[in-house]
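Q: I'd like to ask you about the structure that follows.
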Amino acid sequence: MSPKAGGDAGKVNSAIYKDKSKPADIRLSNINAAKAVSDAIRTSLGPRGMDKMIQAANGEVTITNDGATILKQMSVLHPAAKMLVELSRAQDIEAGDGTTSVVVIAGALLDAAEKLLQKGIHPTVISDGFQKALQMALQVVEGLSTSVDLSNEDALLKAAATSLNSKVVSQHSTILAPIAVQAIRAVMEPIQGGVGARVDLRDVKVIERIGGTVEDTELIQGLVIPHRASNVNGPHRIEKAKVGLIQFCISPPKTDMDHNVIVSDYAAMDRVLKEERQYILNIVKQIKKAGCNLLLVQKSILRDALSDLAIHFLDKIKTMVIKDIEREDIEFVCKTLGCRPIASLDHFTAENLVNVDLVEEVNEPSGKYIKMTGCSGGGHTVSVLVRGTSGAVVAEAARSLHDALCAVRCVARRPALVPGGGAPEAAAAAELGRAAIAAPGADHYCLRAYADALEVIPSTLAENAGLNPIETVTELRAAHASGTQSGAGVNVRRGRVTDMRHENVLQPLHVTASALALATETVRAILKIDDIVNTLN
């Protein structure tokens, strides 16, 4: 190789490695963007947290303090900030509750990581140190937990009430918490030979109705269809109903493409009308022959599911008919009633119908809806009718109820409760602080930083409640350092540190453990990024 060639290679290498500051700048940019998202929803944490009013482009307004809902509707451009939005969504899927906490913890961990980077500690070392800290924190949190007997309704009520305490509808928690517990207990299936129970939240149908107050929310052991019957003069209340769910239309056949049929004389027109009448009459005769007196019709795409003539005939045979059952609701309707959808008239026979004790059309100022109770052959499903004075209140009540349902589901999946009010985080921080003293090298700094970051939860709870965060966290630290008060947390009602177990503020272990694990995983992923590359297209 000539000296010139060697010199050129040296220049190329020095050009590649010249900009040493770029990875540090990218890392700092990512951390700051993610911290901005965390700070945006930090004020929503806890029973005294503030709510956010979100205005959509179409003018629709949402009032909520649910972390996942706020972040889902927030316009976020930075890719690292989007990771925190995804983190909140992951917590919502995994646990359903703690969506604000998980983002606040992640923001505090990123802040701690930034300070460690300024000390000159390598990002990979920080990442590994945080993983060790997470394992210790999870052990402490599990040590704080108390196992729960799923037949003990009182323990489940405490978990549901704690989840609702931070919501707009917290004053109605005495009504919504028992509904959440009853709903989950009605649909849960014990795991054979295992601990806990399996719960599918799709078996709980939440229907929103404007009118009345949140106190009028009710649990219905049966099926609620949120629109009126299609009949004009048909029955509006049927006892001992025979129900059929059909997926075909009771209207004249129609081709898939647009077409015009020109009828030149009256005789031909009369024949067309007779054929149409006969076609519909045959379907209605088959329905009457099978003994069906309540017909559910799936929503049709190509044509109207019921013609006026069909409604007239169905009125004559005293059959109540409900059309436009949404496609996504078919599975829930089938499970509730214990029926199968009937796809063609040939299969519309008596053995394909199901019995329901009572079907009635309930008339309210806000409109009518259908209520079916006594579905003896159906599966384990329930419907919850959430009411409120306005659309925003009803929507927030439904979101709050979803969080309470998820909290009870977490207890069913992993029957253990931990004290709330920042107690698990404070206990983990105290233990990590003790472990950091003896830890070698960079681990000492990482464990210490992780412990300080965990204290963001009690600190934010105190701040949002109008207390002095420094005094409160110091008092909490002292309580956990003594080792006598393992359940000590921030009591926002009394404005001081008390034992959360005595206050009945208990939350599912799964929510806390999941929040710590997911937040740490996201922070480790952000730390490992040293460049952002844009694609060509």
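Residues are named by chain letter and number: chains run A, B, ... in the order of the structure tokens, numbers start at 1 in each chain, and ligands are numbered from 1 in the order shown.
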May I have the residues within 8 Å of region 148-156 of chain A as a list in words, using only C-alpha atoms and disregarding those fewer than 6 positions away in the same chain?
A: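 Non-adjacent residues within range: Val181, Gly196, Val408, Val411, Ala412, Pro415, Ala416 and Leu417 of chain A.
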Q: Keeping only C-alpha atoms, write those residues as a tab-separated table (two decimals), in the first residue's frame.
A:
```
chain	number	residue	atom	x	y	z
A	181	VAL	CA	-66.64	-6.96	41.52
A	196	GLY	CA	-56.23	-17.57	40.28
A	408	VAL	CA	-60.36	-6.84	39.90
A	411	VAL	CA	-56.45	-9.79	41.42
A	412	ALA	CA	-58.27	-12.74	39.82
A	415	PRO	CA	-54.52	-13.19	43.78
A	416	ALA	CA	-52.34	-10.80	45.80
A	417	LEU	CA	-52.74	-7.22	47.01
```
Q: Show which residues sit within 12 Å of Asp499 (chain A), as a ChimeraX atom specification. Count only C-alpha atoms, and ignore same-chain residues fewer than 2 positions away.
A: /A:418-424,476,479-480,484-491,494,496-497,501-506
Q: Of the candidates A:Val384, A:Val206, A:Leu353, A:Cys375, which shows the shortest atom-to-atom distance to Lys289 (chain A), using only C-alpha atoms?
A: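 Among A:Val384, A:Val206, A:Leu353, A:Cys375, it is A:Leu353 that comes nearest to Lys289 (chain A).
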Q: Which polymer residues have any atom within 7 Å of an atom of Arg27 (chain A), counting only C-alpha atoms, with same-chain residues fewer than 6 positions away left out, as number ranges by chain?
A: A: 527, 529-530
Q: A:Ala241, A:Ala180, A:Met50, A:Leu223: which is nearest Lys158 (chain A), counting only C-alpha atoms?
A: A:Ala180
Q: Sorted by chain and rising residue number, which residues of region 389-435 of chain A lie within 8 Å of region 83-105 of chain A, and what are their closest atom pairs and distances in Å to one decimal, counting only C-alpha atoms, as JSON lines?
A:
```
{"residue": "A:His402", "atom": "CA", "partner": "A:Gly96", "partner_atom": "CA", "distance": 7.7}
{"residue": "A:Asp403", "atom": "CA", "partner": "A:Asp97", "partner_atom": "CA", "distance": 5.4}
{"residue": "A:Ala404", "atom": "CA", "partner": "A:Asp97", "partner_atom": "CA", "distance": 7.8}
{"residue": "A:Cys406", "atom": "CA", "partner": "A:Gly96", "partner_atom": "CA", "distance": 5.0}
{"residue": "A:Ala407", "atom": "CA", "partner": "A:Asp97", "partner_atom": "CA", "distance": 6.2}
{"residue": "A:Cys410", "atom": "CA", "partner": "A:Ala95", "partner_atom": "CA", "distance": 6.3}
```
Q: Let's see if you can do this: from backbone DSSP, list all strand (DSSP E or B) residues in region 304-378 of chain A, as a list in words.
A: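 Matching residues for strand (DSSP E or B) in region 304-378 of chain A are Leu306, Met320, Val321, Ile322, Lys323, Asp324, Ile325, Ile342, Val354, Asn355, Val356, Asp357, Leu358, Val359, Glu360, Glu361, Val362, Asn363, Glu364, Gly367, Lys368, Tyr369, Ile370, Lys371, Met372 and Thr373 of chain A.
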Q: Separation of CA of Ala161 (chain A) and CA of Ala177 (chain A), in Å?
A: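 The value is 5.5 Å.
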Q: Using only C-alpha atoms for the distances, tell me which of A:Ala438, A:Ile54, A:Met188, A:Leu518 is nearest to Gln73 (chain A).
A: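 That would be A:Ile54, the residue with the smallest distance to Gln73 (chain A).
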Q: Counting only C-alpha atoms, figure out which residue out of A:Val386, A:Val76, A:Ala197, A:Ala442 gets nearest to Val224 (chain A).
A: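 Once distances to Val224 (chain A) are computed over only C-alpha atoms, the minimum belongs to A:Val386.
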Q: Counting only C-alpha atoms, which of A:Ala108, A:Ala80, A:Ser251, A:Thr162 gets nearest to Glu275 (chain A)?
A: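 Going through A:Ala108, A:Ala80, A:Ser251, A:Thr162 one by one, the smallest distance to Glu275 (chain A) is for A:Ser251.
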Q: Of the residues A:Ala81, A:Cys249, A:Ala40, A:Val169, which is the one nearest to Gly67 (chain A), using only C-alpha atoms?
A: A:Ala40
Q: Enumerate, as an NGL selection string, the complete set of residues in region 475-514 of chain A that a backbone-based DSSP assignment places in alpha helix (DSSP H).
A: :A and (475-482 or 509-514)
Q: So that I have them on file, write out the residues from the current selection with N, CA, C and O atoms, as a PDB file, in the first residue's frame.
A:
```pdb
ATOM      1  N   GLU A 475     -40.528  11.896  55.607  1.00  0.00           N
ATOM      2  CA  GLU A 475     -41.280  11.157  56.656  1.00  0.00           C
ATOM      3  C   GLU A 475     -41.501   9.709  56.226  1.00  0.00           C
ATOM      4  O   GLU A 475     -41.368   8.777  57.021  1.00  0.00           O
ATOM      5  N   LEU A 476     -41.824   9.536  54.939  1.00  0.00           N
ATOM      6  CA  LEU A 476     -42.070   8.188  54.397  1.00  0.00           C
ATOM      7  C   LEU A 476     -40.785   7.363  54.414  1.00  0.00           C
ATOM      8  O   LEU A 476     -40.789   6.173  54.766  1.00  0.00           O
ATOM      9  N   ARG A 477     -39.657   8.017  54.057  1.00  0.00           N
ATOM     10  CA  ARG A 477     -38.354   7.357  54.064  1.00  0.00           C
ATOM     11  C   ARG A 477     -38.020   6.862  55.475  1.00  0.00           C
ATOM     12  O   ARG A 477     -37.549   5.746  55.666  1.00  0.00           O
ATOM     13  N   ALA A 478     -38.285   7.724  56.459  1.00  0.00           N
ATOM     14  CA  ALA A 478     -37.995   7.383  57.861  1.00  0.00           C
ATOM     15  C   ALA A 478     -38.849   6.206  58.311  1.00  0.00           C
ATOM     16  O   ALA A 478     -38.368   5.298  59.004  1.00  0.00           O
ATOM     17  N   ALA A 479     -40.135   6.188  57.889  1.00  0.00           N
ATOM     18  CA  ALA A 479     -41.055   5.102  58.273  1.00  0.00           C
ATOM     19  C   ALA A 479     -40.571   3.765  57.724  1.00  0.00           C
ATOM     20  O   ALA A 479     -40.608   2.746  58.418  1.00  0.00           O
ATOM     21  N   HIS A 480     -40.088   3.776  56.463  1.00  0.00           N
ATOM     22  CA  HIS A 480     -39.630   2.519  55.855  1.00  0.00           C
ATOM     23  C   HIS A 480     -38.224   2.136  56.337  1.00  0.00           C
ATOM     24  O   HIS A 480     -37.892   0.955  56.393  1.00  0.00           O
ATOM     25  N   ALA A 481     -37.411   3.131  56.683  1.00  0.00           N
ATOM     26  CA  ALA A 481     -36.050   2.849  57.174  1.00  0.00           C
ATOM     27  C   ALA A 481     -36.093   2.173  58.537  1.00  0.00           C
ATOM     28  O   ALA A 481     -35.259   1.313  58.852  1.00  0.00           O
ATOM     29  N   SER A 482     -37.124   2.515  59.340  1.00  0.00           N
ATOM     30  CA  SER A 482     -37.246   1.895  60.675  1.00  0.00           C
ATOM     31  C   SER A 482     -37.590   0.408  60.564  1.00  0.00           C
ATOM     32  O   SER A 482     -37.314  -0.372  61.475  1.00  0.00           O
ATOM     33  N   LEU A 509     -51.146  -6.602  43.113  1.00  0.00           N
ATOM     34  CA  LEU A 509     -49.691  -6.781  42.956  1.00  0.00           C
ATOM     35  C   LEU A 509     -49.312  -6.728  41.478  1.00  0.00           C
ATOM     36  O   LEU A 509     -48.294  -6.152  41.105  1.00  0.00           O
ATOM     37  N   HIS A 510     -50.156  -7.314  40.629  1.00  0.00           N
ATOM     38  CA  HIS A 510     -49.862  -7.408  39.198  1.00  0.00           C
ATOM     39  C   HIS A 510     -49.704  -6.016  38.566  1.00  0.00           C
ATOM     40  O   HIS A 510     -48.861  -5.821  37.691  1.00  0.00           O
ATOM     41  N   VAL A 511     -50.514  -5.035  39.027  1.00  0.00           N
ATOM     42  CA  VAL A 511     -50.462  -3.671  38.466  1.00  0.00           C
ATOM     43  C   VAL A 511     -49.104  -3.031  38.776  1.00  0.00           C
ATOM     44  O   VAL A 511     -48.435  -2.494  37.895  1.00  0.00           O
ATOM     45  N   THR A 512     -48.671  -3.120  40.046  1.00  0.00           N
ATOM     46  CA  THR A 512     -47.409  -2.500  40.466  1.00  0.00           C
ATOM     47  C   THR A 512     -46.218  -3.197  39.812  1.00  0.00           C
ATOM     48  O   THR A 512     -45.304  -2.541  39.288  1.00  0.00           O
ATOM     49  N   ALA A 513     -46.208  -4.529  39.859  1.00  0.00           N
ATOM     50  CA  ALA A 513     -45.082  -5.300  39.293  1.00  0.00           C
ATOM     51  C   ALA A 513     -44.973  -5.052  37.790  1.00  0.00           C
ATOM     52  O   ALA A 513     -43.869  -4.866  37.248  1.00  0.00           O
ATOM     53  N   SER A 514     -46.116  -5.022  37.110  1.00  0.00           N
ATOM     54  CA  SER A 514     -46.130  -4.793  35.654  1.00  0.00           C
ATOM     55  C   SER A 514     -45.632  -3.387  35.332  1.00  0.00           C
ATOM     56  O   SER A 514     -44.849  -3.204  34.389  1.00  0.00           O
TER      57      SER A 514
END
```
Q: Mind checking which residues fall within 9 Å of region 301-312 of chain A, counting only C-alpha atoms, ignoring those fewer than 4 positions away in the same chain, and posting them as a ChimeraX atom specification?
A: /A:230-234,248-256,277,280-281,283-284,297,316,321,323-324
Q: Which distance in Å separates CA of Leu294 (chain A) and CA of Asp357 (chain A), to one decimal?
A: 11.8 Å
